[in-house]
Amino acid sequence: MRERVEDVAPPGTLNLVFPEPAKGVKEDSSSKPLFASLDDEALLSAGVPEDWLADVRDTYEEGFFALAAHLPAEASEALLEYAATGILPPSVARLADPFSHPDALRRIRPIADQDELEQALAFPWEKWGVFLHPSQRSLVEQTFAGPARVAGSAGTGKTIVAIHRAVRLARQNPNARILLASFSQPLADAMAKKLLVLAPETGGIVPRITTASFRGIAEQMHQLEYGVRPRIASESMLREWLHDAATKADLMGFSDRFLLSEWSHVIDAWGITSPEAYATVQRMGRKSRLGPNQRERLWPVFASVRASLSAERYTTWSEVFTSLAGSISDRKSKPFDHIIIDEAQDLAPAELRFFAALAPAGADAIFLSGDVGQRIFQHPFSWAGLGIDVRGRSHTLKVCYRTSQQIRRAADKLLPNVLRDTDGLEDERRGIVSVFSGPPPEIRTFENERGEADSVRATIATWLDEGIAAHEIGVFVRTQQLIQRARSGVPGSDEAADIVTSPMSLAKGLEFRAVVVMACDEGILPLDERVADAADEAELDDVYETERRLLYVACTRAREHLVLTGLRPGSEYLVDFSE
């Protein structure tokens, strides 16, 4: 119902003043209101009150959040889903069990028994970060005949879908063993904590779900298969072996930087072990073309490195994944019934080959979640070429729950509107809508580091005074070497002791109410060292793209407040935020 405001008037007169409708701001002459094509019946079925039909039909994106505050929550959510997907959710009929109604499931967590209640109450409320919107539920409950994928930009709930799916599969089959894997151990640990919220240990679900990092599960299986832990050669060792082999071969015209890049992205990544295989391998993403004669000259160098690895009893992570894939691919009995992979965009070829071999035959064998826009560790390659073809079984989430509309829209300017992978799948970033609004991100540049630190320190102190807890604040910088600069912007009080300072590369999976990204300087974003180390034009393009994605990942950790700081003139990427 609309408010009614009565103005006190002189005797004998009465003015009834109604608030102006919450109309949106028209962005340009070609834009259309978000819900202009919906008739009264459709809007009413979504829960829009009759008094607000005209306002809903006239609203634009900029005015949606002001309007949504006046509507029932169910109506706001239905309109949000329509704005993101173009599909209005069907109205739900009255059910015999009111707790099973989707509107109830948005807010109520049914507790089955005393054990579940005790387990739930053992957790602080902030750990109930496993909200599953009805629009995501179909992906959790759906059965897929082959490999499937869920995509979406930062904050759209891909990881939550993966976790809920693991629990659903475990409940569906009381004997099922599930692997829930992510890029790093901290991310795997975070998923394990959320699992305990969804499925208390007393229910028999958690023990059947193994959470691990990509390398963590490979290391465990390597020990089971060969009885020893893998000894991984460091990058400095590989550089030295490549240099020595090239010197002995009197190889001219190829820099040490190029040799290491060719080894990492072609020879080792694809498990090349013979000159014949090297002669025919597709060097995806490599613009420095190599003819048959050049590959023939290069091969003895790489063969020498393989010999050095064997002689010194060292290996590489790619070799570990490749050897395990070869060992388990033909086995009828697999250690897991279902494989669920989070942060799948950063899978390397050997890692994907390993998980493909680990997955059993049958429905729901392997499910992947990820965002191409957050790929920061791997070159793109064809998943279908390694047996993981998700075409026709790929879904994109369009509603962002973690990051405000203002921060999300600013961060999205760092990436193209459409991202395509090598299999032709497109991740469409247009049409994504956040469920809440907030202040726009701030960009501040300074003459020196002291001015930057003073400004950041004052901002964080203000946030703390406003009631934002210290552990809800994150400060990110490009490299580990810049951590001290980040800490200079943190207040020295005991209250601020729990503020997180971290390199951008470790930001994946983290969430904060407020974030500062410091040291956004020229020469740091993009990082001069990486630009200078690019072996060819393709790698240079990849460096610039990866640096953008690193900044995107750091910025989208923020829920409500985002501040970017740097020394003048500042990173070239800051221009994107002000456009």
# chains A, B, ... in the order shown; residues from 1 in each chain; ligands from 1
$ residues_around --residues "range 368-385 of chain A" --least-positions-apart "3" --cutoff "6 Å" --atoms "only C-alpha atoms" --output "list of chain:residue names"
A:Arg149, A:Val150, A:Ala151, A:Gly152, A:Ser153, A:Lys158, A:Ile340, A:Ile341, A:Asp342, A:Glu343, A:Ala344, A:Gln345, A:Asp346, A:Ile388, A:Asp389, A:Thr422, A:Asp423, A:Thr546, A:Arg549
$ select_by_dssp --residues "range 397-469 of chain A" --states "strand (DSSP E)" --output "number ranges by chain"
A: 399-400, 418-420, 426-428, 433-434, 442-446
$ select_by_dssp --residues "range 167-211 of chain A" --states "alpha helix (DSSP H)" --output "list in words"
Val167, Arg168, Leu169, Ala170, Arg171, Gln172, Gln185, Pro186, Leu187, Ala188, Asp189, Ala190, Met191, Ala192, Lys193, Lys194, Leu195, Leu196, Val197 and Leu198 of chain A
$ residues_around --residues "Ser308 in chain A" --least-positions-apart "4" --cutoff "8 Å" --atoms "only C-alpha atoms" --output "list in words"
Trp241, Ser304 and Glu312 of chain A
$ write_last_selection --atoms "C-alpha atoms" --output "short mmCIF file (atom, residue, chain, number, x, y, z; two decimals), in the first residue's frame"
data_model
loop_
_atom_site.label_atom_id
_atom_site.label_comp_id
_atom_site.auth_asym_id
_atom_site.auth_seq_id
_atom_site.Cartn_x
_atom_site.Cartn_y
_atom_site.Cartn_z
CA TRP A 241 68.01 -27.15 -16.99
CA SER A 304 67.04 -33.17 -22.01
CA GLU A 312 67.05 -36.43 -10.31
#
$ closest_residue --among "A:Leu179, A:Val477, A:Ala96, A:Val490" --to "Ser502 in chain A" --atoms "only C-alpha atoms"
A:Val477
